[in-house]
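Engineer: Below you'll find the structure I mean.
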Amino acid sequence: MASNKASRGSLEIELDRRSVRSACSNGGNVHIDLDQLLSHFGSCVPAPCLRPLDPRRDFYADILVASNLNYYTISKIGKLRIEWVESLSLHLDLHERSSKLRLFAFPSFCALLCQQFEKQDTFLSKIVSTSEDILETPSTSVNHSVQYAYSYDFLIEVLCTYRLIFGQDQKSYTMFSSIPSLEVVDPLLKSLCGKSYNKQGFYSTFEVGEAKAQYTASADFPLLGQRLLDLQKYMNERNPSDLRTLWYDRRDVLRFYTFWAVFLVGGISILISTLSLALTAVQVIEVYNK
């Protein structure tokens with residue numbers, strides 16, 4: 001889909017070839033791959049989190065624990081604040097100096113593009129579509145992140161992160177309303193982050209996996225996995241420093257209940273011992289006075 005003639009200094013998109021034709025000042029035409037053109041604008045999305053083939057690699061380092069990444073935990077333990085951004089490339093960007101986690105504020109945009117992928121005859125779907133072989137064998141000559149920027153898989157991962165951070169944990173989606181929002185609020189953002197994922201049929205519309213307590217970064221989030229691993233590493237380095245924070249820390253449920261059971265039993269034992277000592281002292285004083 002390209003015009004037969006192009007004026008000087010103009011750009012024409014050829015949808016069938018996913019390329020851009022530029023009319024040069026000397027009258028000639030230059031064909032540029034669309035992905036290669038976008039690569040000059042920087043990294044549009046995070047680089048892929050591919051699984052290394054080294055058999056000595058620690059596969060536990062590739063595990064994402066949902067309890068480490070929900071909003072309740074990252075806000076209470078990690079002291080992180082959510083910053084809603086309008087740039088999709090900044091989604092899940094962790095800014096440690098300001099203690100902010102940036103999240104894309106318009107999931108409806110991702111959902112719209114995902115629906116367009118199912119309609120290959122539309123203009124929008126041809127612009128944003130990416131061939132399947134790109135995901136399997138990314139080219140080394142072009143910025144990898146650009147090749148994934150408009151893929152169905154990347155957009156689905158973005159949508160699934162809202163479920164991971166908010167929708168899977170009751171305390172997290174209950175706290176969503178307390179987060180300062182932009183002037184224009186996406187209705188889908190309220191639905192994905194302010195309710196349990198079980199109470200809505202949104203994710204059943206697309207081909208997404210079931211919600212899990214543990215995910216594999218390279219398999220479940222091959223494009224956003226590295227950012228999630230960085231966030232999990234940040235959280236693992238944060239340990240409770242007082243009783244209040246310790247009460248909020250429920251990342252390890254077994255450790256949480258074990259600690260508070262010991263604390264409760266130990267506290268009761270100390271209280272009983274103190275009362276016994278006090279009664280003994282009273283009895284000694286009474287005997288002495290007699």
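Order determines the names: the first chain of the structure tokens is A, the second B, and so forth; residues in each chain are numbered 1 upward, and ligands are numbered 1 upward as they are shown.
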Which residues of region 63-123 of chain A come within 7 Å of region 159-175 of chain A, and what is each one's closest atom pair and distance in Å (one decimal), counting only C-alpha atoms, sorted by chain and residue number, as a tab-separated table?

Structural biologist:
residue	atom	partner	partner_atom	distance
A:Ala66	CA	A:Leu164	CA	6.5
A:Leu69	CA	A:Ile165	CA	5.9
A:Asn70	CA	A:Ile165	CA	4.1
A:Tyr71	CA	A:Ser172	CA	5.1
A:Tyr72	CA	A:Ser172	CA	4.8
A:Pro107	CA	A:Leu159	CA	6.5

Engineer: Would you save the residues from that selection as a PDB file, in the first residue's frame, using C-alpha atoms?

Structural biologist:
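Produced file again-v9.pdb, reproduced below:
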ATOM      1  CA  ALA A  66       3.871 -12.647  43.354  1.00  0.00           C
ATOM      2  CA  LEU A  69       5.652  -7.716  43.697  1.00  0.00           C
ATOM      3  CA  ASN A  70       2.129  -6.756  44.751  1.00  0.00           C
ATOM      4  CA  TYR A  71       1.395  -3.118  45.548  1.00  0.00           C
ATOM      5  CA  TYR A  72       0.741  -3.767  49.235  1.00  0.00           C
ATOM      6  CA  PRO A 107      -4.094  -0.010  29.517  1.00  0.00           C
TER       7      PRO A 107
END

Engineer: Skipping near chain neighbours, those fewer than 2 positions away, what residues fall within 9 Å of Leu182 (chain A) using only C-alpha atoms, listed as a list of chain:residue names?

Structural biologist: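 With the cut-off at 9 Å, the set is A:Trp84, A:Val85, A:Ala105, A:Pro180, A:Val184, A:Val185.
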